[in-house]
Amino acid sequence: MPDDSGNTFSMVTCNAPVNIAVIKYWGKRDEECILPINSSLSVTLHQDQLKTTTTVACSRSFQEDRIWLNGKEEDINQPRLQSCLREIRRLARKRRSDGEGGVDLAGLSHKVHICSVNNFPTAAGLASSAAGYACLGERPSNEVGVYPVALSGPFSLCSLPLLSPFSFFPVYTLARVMGVEGELSAVARQGSGSACRSMYGGFVQWIMGQREDGKDSVAQQVEPETHWPELRILVLVVSAERKPVGSTSGMQTSVETSSLLKHRSDSVVPARMKEMIDAVHRKDFAAFAELTMKDSNQFHAICLDTYPPIFYLNDVSRHIINLVHHYNQHYREARVAYTFDAGPNAVIYTLQQHVDEFLQVVKHFFPPETNGGQFVKGLPVASTTLTEEL
Ligand code: DP6
């Protein structure tokens, strides 16, 4: 469509969901290309509750590329953002020269304005960069596509209003799945490693790959979101404050200083990935839960083995860990599982039939009145990939 000056103006808005790893990515073998030292596996969440919405406008009248995160303009020249922009433009050019349509040649030189908003705490260890950069991989619609993606940026630079100290985010079954080419997960990866897993719904592995150019380091769906309809996720928000050490620098220090990390990547994760994929295929919750909790614990043990050590968990996180184990021990089976990323917030995996009771138990031990938190009923998990709003 034309803008006020009669120039062609194109705009795309898309949402990208958060993913939560059950086998963690921690450590890179190549900082520039963002190549991991181990494969990882995650579940993509319902994006009505946790998502990044990004709008990209493209026009000949724009003088330069610009980006706003949660309403505040940020530096467009950050290296990761630049690599993503470069790569997307390269792909757009290639599509054009391969005769696959897409951007016209004039459009390729147009500048973009990017506007990105998170609906969750940005730097509190809730996988914000994953959703943010996953917006990159969106494909163009025929109606609006000039640039094939909506872009987003380094969310650790910005912050949203803080949430109550202890509240739940329910996560809903996602409505639809859009197919994205594998090549685009490699683009999302260059924005933030874990982002490539948000390119697909359901259960997604990020294969570490072997090649130096990273072409085989891509995300792959293990099972779709319809595979395990009873699975549920609850997010217990312990703190919405910015994490003290960001994932990027934290994992870099771990690679440099932790001998446990080498043991993990060489000897633990390869077998664990196989076991986890098998547990997902079989919908074996007990096996899924045990592997999830062990992997979270090993990740935080590595943080402690890092020098100087990194502390992401706090006392409330540790209480939640104990609560989950006592609960499971009471029933002599694993009914709930916790996992923690680079922050104190707990993500709980469980099955539908245990949600109500477990919520009661959590409310009993963490009454909302005493900590100002609010409770929202847990809802179906599962997943989706990117959806486009036109
Ligand atoms: C603990 O993807 O944020 O959430 O690649 O440097 O951007 P960069 O790191 P990032 O790391 C996420 C680490 C994690 C584990 C995971 O999601 O697998």
# chains A, B, ... in the order shown; residues from 1 in each chain; ligands from 1
>>> select_by_dssp(residues="range 337-368 of chain A", states="alpha helix (DSSP H)", output="list in words")
Gln352, Gln353, His354, Val355, Asp356, Glu357, Phe358, Leu359, Gln360, Val361, Val362, Lys363, His364, Phe365 and Pro368 of chain A
>>> residues_near_ligand(ligand="ligand 1", cutoff="7 Å", atoms="only C-alpha atoms and all ligand atoms", output="JSON list (two decimals) with C-alpha atoms, in the first residue's frame")
[["chain", "number", "residue", "atom", "x", "y", "z"],
["A", 20, "ILE", "CA", 10.99, -23.98, 27.54],
["A", 21, "ALA", "CA", 13.90, -26.42, 27.33],
["A", 23, "ILE", "CA", 17.30, -30.58, 27.88],
["A", 24, "LYS", "CA", 19.16, -27.30, 28.22],
["A", 25, "TYR", "CA", 21.38, -25.50, 25.77],
["A", 26, "TRP", "CA", 24.32, -24.01, 27.67],
["A", 34, "ILE", "CA", 25.92, -19.24, 17.64],
["A", 40, "SER", "CA", 18.82, -29.43, 23.31],
["A", 125, "GLY", "CA", 15.06, -15.92, 32.66],
["A", 127, "ALA", "CA", 13.16, -17.41, 27.48],
["A", 129, "SER", "CA", 15.20, -13.86, 23.57],
["A", 130, "ALA", "CA", 13.92, -17.15, 22.22],
["A", 191, "GLY", "CA", 19.68, -13.88, 16.88],
["A", 192, "SER", "CA", 19.59, -16.06, 19.97],
["A", 193, "GLY", "CA", 20.42, -19.74, 20.09],
["A", 194, "SER", "CA", 17.31, -20.97, 21.85],
["A", 195, "ALA", "CA", 15.12, -18.96, 19.42],
["A", 247, "SER", "CA", 22.61, -16.25, 29.34],
["A", 248, "THR", "CA", 25.10, -15.19, 26.68],
["A", 341, "ASP", "CA", 16.28, -21.48, 33.01],
["A", 342, "ALA", "CA", 18.62, -18.58, 33.68]]
>>> select_by_dssp(residues="range 198-343 of chain A", states="strand (DSSP E)", output="ChimeraX atom specification")
/A:203-206,219-223,231-237,336-340
>>> closest_residue(among="A:Ala188, A:Met276, A:Val43, A:Val245", to="Ser217 in chain A", atoms="only C-alpha atoms")
A:Ala188
>>> residues_around(residues="Pro308 in chain A", least_positions_apart="5", cutoff="10 Å", atoms="only C-alpha atoms", output="list in words")
Gly250, Thr253, Ser254, Thr257, Ser258 and Cys303 of chain A
>>> atom_distance(atom1="CA of Pro79 in chain A", atom2="CA of Asp65 in chain A")
13.7 Å
>>> closest_residue(among="A:Leu41, A:Ala16, A:Val22, A:Val237", to="Ala289 in chain A", atoms="only C-alpha atoms")
A:Val22
>>> atom_distance(atom1="CA of Ser59 in chain A", atom2="CA of Cys115 in chain A")
14.4 Å
>>> closest_residue(among="A:Glu333, A:Glu74, A:Glu290, A:Asp284", to="Leu231 in chain A", atoms="only C-alpha atoms")
A:Asp284
>>> residues_around(residues="Gln221 in chain A", least_positions_apart="2", cutoff="9 Å", atoms="only C-alpha atoms", output="PyMOL selection string")
chain A and resi 197+200-206+219+223-224
>>> write_last_selection(atoms="C-alpha atoms", output="mmCIF file, in the first residue's frame")
data_model
loop_
_atom_site.group_PDB
_atom_site.id
_atom_site.type_symbol
_atom_site.label_atom_id
_atom_site.label_comp_id
_atom_site.auth_asym_id
_atom_site.auth_seq_id
_atom_site.Cartn_x
_atom_site.Cartn_y
_atom_site.Cartn_z
ATOM 1 C CA ARG A 197 13.373 -23.962 18.739
ATOM 2 C CA TYR A 200 8.159 -25.098 15.445
ATOM 3 C CA GLY A 201 5.300 -26.167 17.640
ATOM 4 C CA GLY A 202 5.220 -29.221 19.845
ATOM 5 C CA PHE A 203 8.408 -30.918 20.984
ATOM 6 C CA VAL A 204 11.438 -29.510 19.241
ATOM 7 C CA GLN A 205 15.088 -30.477 19.232
ATOM 8 C CA TRP A 206 17.940 -28.203 18.247
ATOM 9 C CA ALA A 219 15.723 -27.043 14.860
ATOM 10 C CA GLU A 223 6.435 -34.511 17.827
ATOM 11 C CA PRO A 224 3.665 -32.021 17.016
#
>>> closest_residue(among="A:His325, A:Arg232, A:Lys28, A:Arg264", to="Gln353 in chain A", atoms="only C-alpha atoms")
A:Arg232
>>> closest_residue(among="A:Ser265, A:Gln352, A:Gln190, A:Thr226", to="Ile88 in chain A", atoms="only C-alpha atoms")
A:Gln190
>>> residues_around(residues="Leu291 in chain A", least_positions_apart="2", cutoff="10 Å", atoms="only C-alpha atoms", output="PDB file with N, CA and C atoms, in the first residue's frame")
ATOM      1  N   VAL A  22      13.712 -28.692  28.076  1.00  0.00           N
ATOM      2  CA  VAL A  22      13.780 -29.766  29.074  1.00  0.00           C
ATOM      3  C   VAL A  22      15.165 -30.423  29.044  1.00  0.00           C
ATOM      4  N   ILE A  23      15.855 -30.309  27.923  1.00  0.00           N
ATOM      5  CA  ILE A  23      17.301 -30.580  27.878  1.00  0.00           C
ATOM      6  C   ILE A  23      17.932 -29.249  27.479  1.00  0.00           C
ATOM      7  N   ARG A 272      21.169 -38.522  26.941  1.00  0.00           N
ATOM      8  CA  ARG A 272      19.941 -37.946  27.514  1.00  0.00           C
ATOM      9  C   ARG A 272      18.977 -37.490  26.423  1.00  0.00           C
ATOM     10  N   MET A 273      19.514 -36.961  25.347  1.00  0.00           N
ATOM     11  CA  MET A 273      18.649 -36.540  24.227  1.00  0.00           C
ATOM     12  C   MET A 273      17.874 -37.755  23.698  1.00  0.00           C
ATOM     13  N   GLU A 275      17.158 -40.543  25.259  1.00  0.00           N
ATOM     14  CA  GLU A 275      16.166 -40.987  26.260  1.00  0.00           C
ATOM     15  C   GLU A 275      14.962 -40.042  26.279  1.00  0.00           C
ATOM     16  N   MET A 276      15.236 -38.745  26.182  1.00  0.00           N
ATOM     17  CA  MET A 276      14.139 -37.782  26.237  1.00  0.00           C
ATOM     18  C   MET A 276      13.226 -37.921  25.005  1.00  0.00           C
ATOM     19  N   ALA A 279      11.130 -40.869  25.530  1.00  0.00           N
ATOM     20  CA  ALA A 279      10.072 -40.633  26.539  1.00  0.00           C
ATOM     21  C   ALA A 279       8.928 -39.825  25.927  1.00  0.00           C
ATOM     22  N   PHE A 285       5.380 -40.054  31.111  1.00  0.00           N
ATOM     23  CA  PHE A 285       5.583 -38.849  31.927  1.00  0.00           C
ATOM     24  C   PHE A 285       6.652 -39.052  32.995  1.00  0.00           C
ATOM     25  N   ALA A 286       6.689 -40.245  33.613  1.00  0.00           N
ATOM     26  CA  ALA A 286       7.670 -40.469  34.686  1.00  0.00           C
ATOM     27  C   ALA A 286       9.093 -40.279  34.144  1.00  0.00           C
ATOM     28  N   ALA A 287       9.367 -40.859  32.982  1.00  0.00           N
ATOM     29  CA  ALA A 287      10.711 -40.733  32.396  1.00  0.00           C
ATOM     30  C   ALA A 287      10.969 -39.285  31.971  1.00  0.00           C
ATOM     31  N   PHE A 288       9.975 -38.667  31.355  1.00  0.00           N
ATOM     32  CA  PHE A 288      10.081 -37.264  30.918  1.00  0.00           C
ATOM     33  C   PHE A 288      10.393 -36.363  32.123  1.00  0.00           C
ATOM     34  N   ALA A 289       9.668 -36.598  33.216  1.00  0.00           N
ATOM     35  CA  ALA A 289       9.809 -35.749  34.402  1.00  0.00           C
ATOM     36  C   ALA A 289      11.197 -35.917  35.029  1.00  0.00           C
ATOM     37  N   MET A 293      13.969 -32.861  35.296  1.00  0.00           N
ATOM     38  CA  MET A 293      14.472 -32.331  36.568  1.00  0.00           C
ATOM     39  C   MET A 293      15.983 -32.535  36.687  1.00  0.00           C
ATOM     40  N   LYS A 294      16.461 -33.710  36.248  1.00  0.00           N
ATOM     41  CA  LYS A 294      17.905 -33.959  36.329  1.00  0.00           C
ATOM     42  C   LYS A 294      18.664 -32.978  35.442  1.00  0.00           C
ATOM     43  N   ASP A 295      18.096 -32.683  34.284  1.00  0.00           N
ATOM     44  CA  ASP A 295      18.816 -31.793  33.381  1.00  0.00           C
ATOM     45  C   ASP A 295      18.833 -30.358  33.905  1.00  0.00           C
ATOM     46  N   SER A 296      17.722 -29.931  34.482  1.00  0.00           N
ATOM     47  CA  SER A 296      17.692 -28.605  35.097  1.00  0.00           C
ATOM     48  C   SER A 296      18.725 -28.544  36.231  1.00  0.00           C
ATOM     49  N   ASN A 297      18.736 -29.591  37.037  1.00  0.00           N
ATOM     50  CA  ASN A 297      19.684 -29.599  38.163  1.00  0.00           C
ATOM     51  C   ASN A 297      21.134 -29.569  37.678  1.00  0.00           C
ATOM     52  N   ALA A 337       7.013 -32.100  37.401  1.00  0.00           N
ATOM     53  CA  ALA A 337       8.454 -31.895  37.201  1.00  0.00           C
ATOM     54  C   ALA A 337       8.718 -30.406  37.117  1.00  0.00           C
TER      55      ALA A 337
END
>>> closest_residue(among="A:Met208, A:Ile37, A:Val187, A:Cys58", to="Arg80 in chain A", atoms="only C-alpha atoms")
A:Val187
